[in-house]
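Take a look at the structure below.
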Amino acid sequence: MRVLILTGQFGMGHVCASQAVKQEIADSYPNSVIDIVDFLEFALPKFNTVIYKTFNFVVSKIPKIFNILFNLSDKNNVYPFKGFSNKKIDLLLNIYSPDLIFSVSPLTSKYVSIYKKSNKSNNIPLFTLITDISYHSQWISDNTDAYFVACK
């Protein structure tokens, strides 16, 4: 089984969760090939560092701005660059040939969902692992096959 785990460095929770998922799959299915890919690093290798540094700066130094943007994004499901992201996801799938995809970031869940919708022949299951402690609509995507949430 080939597994692709898509993540991002918006805080380190997504990366830590990705590593935990990889370890759990490896323990349960020792013959699996499991790859973790930071989607922004893959898609925007020249700009991902600036994006992550800007995010960290806004979150740590001007959290009110972050909260305003966070709340706006909860009300507006706008995802620009769909064509660009579809090309990058297509490239990822050609490189890694996964049997299933785990997304540990709302950004990657949304873009993989958009990809699946526009490429109807693509039936790779998309599993979303929600790492936030509160609900945010950005995690919910039409073409997600299953969601995983922390619970008792």
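The way I read the labels, and the way they are meant: chains A, B, ... in the order of the structure tokens, residue 1 as the first residue of every chain, and ligand 1 as the first ligand shown, with later ones counted on from there.
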Spatial neighbours of stretch 55-58 of chain A, max dist 9 Å, only C-alpha atoms, sep filter under 6 positions, as an MDAnalysis selection string: chainID A and resid 10:11 64:66
Just N, CA and C atoms for this one: save the residues we selected as an mmCIF file, in the first residue's frame.
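Ended up saving to again12.cif:
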data_model
loop_
_atom_site.group_PDB
_atom_site.id
_atom_site.type_symbol
_atom_site.label_atom_id
_atom_site.label_comp_id
_atom_site.auth_asym_id
_atom_site.auth_seq_id
_atom_site.Cartn_x
_atom_site.Cartn_y
_atom_site.Cartn_z
ATOM 1 N N PHE A 10 1.896 25.309 9.074
ATOM 2 C CA PHE A 10 1.128 26.386 9.714
ATOM 3 C C PHE A 10 0.996 26.002 11.181
ATOM 4 N N GLY A 11 2.017 26.326 11.961
ATOM 5 C CA GLY A 11 2.155 25.759 13.290
ATOM 6 C C GLY A 11 2.767 24.378 13.092
ATOM 7 N N LYS A 64 -4.745 39.567 16.465
ATOM 8 C CA LYS A 64 -6.080 40.089 16.141
ATOM 9 C C LYS A 64 -6.319 40.040 14.639
ATOM 10 N N ILE A 65 -5.297 40.362 13.864
ATOM 11 C CA ILE A 65 -5.409 40.286 12.404
ATOM 12 C C ILE A 65 -5.631 38.835 11.977
ATOM 13 N N PHE A 66 -4.873 37.926 12.583
ATOM 14 C CA PHE A 66 -5.055 36.510 12.265
ATOM 15 C C PHE A 66 -6.492 36.077 12.562
#
What are the DSSP alpha helix (DSSP H) residues of stretch 9-152 of chain A, as a PyMOL selection string? chain A and resi 13-28+39-43+48-61+63-75+82-96+106-118
Need to verify the contact set: A:Lys110, 9 Å, only C-alpha atoms, exclusion of same-chain residues closer than 5 positions in sequence. Can you return it as JSON, numbers by chain? {"A": [79, 105, 115, 138, 139, 140, 141, 142, 143, 144]}
Store the residues of this selection in a file with C-alpha atoms, as a PDB file, in the first residue's frame.
ATOM      1  CA  TYR A  79      -9.590  29.026  -3.006  1.00  0.00           C
ATOM      2  CA  SER A 105      -4.216  20.485   6.638  1.00  0.00           C
ATOM      3  CA  TYR A 115      -8.735  18.154  -7.874  1.00  0.00           C
ATOM      4  CA  GLN A 138     -12.352  25.032   5.851  1.00  0.00           C
ATOM      5  CA  TRP A 139     -11.797  21.423   6.936  1.00  0.00           C
ATOM      6  CA  ILE A 140     -14.978  20.219   5.218  1.00  0.00           C
ATOM      7  CA  SER A 141     -14.655  19.272   1.557  1.00  0.00           C
ATOM      8  CA  ASP A 142     -17.137  17.612  -0.774  1.00  0.00           C
ATOM      9  CA  ASN A 143     -14.796  14.905  -2.030  1.00  0.00           C
ATOM     10  CA  THR A 144     -13.391  13.753   1.303  1.00  0.00           C
TER      11      THR A 144
END
Interatomic distance, atom CA of A:Asn122 to atom CA of A:Phe148 (Å, one decimal): 21.7 Å
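Closest to A:Asp99 among A:Ile130, A:Val112, A:Ala146, A:Ile34 is A:Ile34, based on only C-alpha atoms.
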A:Ile25 environment, 12 Å, only C-alpha atoms, sequence neighbours closer than 2 positions dropped, as a ChimeraX atom specification: /A:1-5,18-23,27-35,100,102
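Every protein or nucleic acid residue with an atom no more than 10 Å from A:Leu40, counting only C-alpha atoms and leaving out same-chain residues fewer than 6 positions away, appears here: Leu6, Thr7, Gly8, Gln9, Lys46, Phe47, Asn48, Thr49, Ile51, Tyr52, Ser85, Lys88, Leu107 and Thr108 of chain A.
If you count only C-alpha atoms and ignore residues fewer than 4 places along the chain from A:Ala150, what sits within 10 Å of it is Leu129, Ile130, Thr131, Asp132 and Ile133 of chain A.
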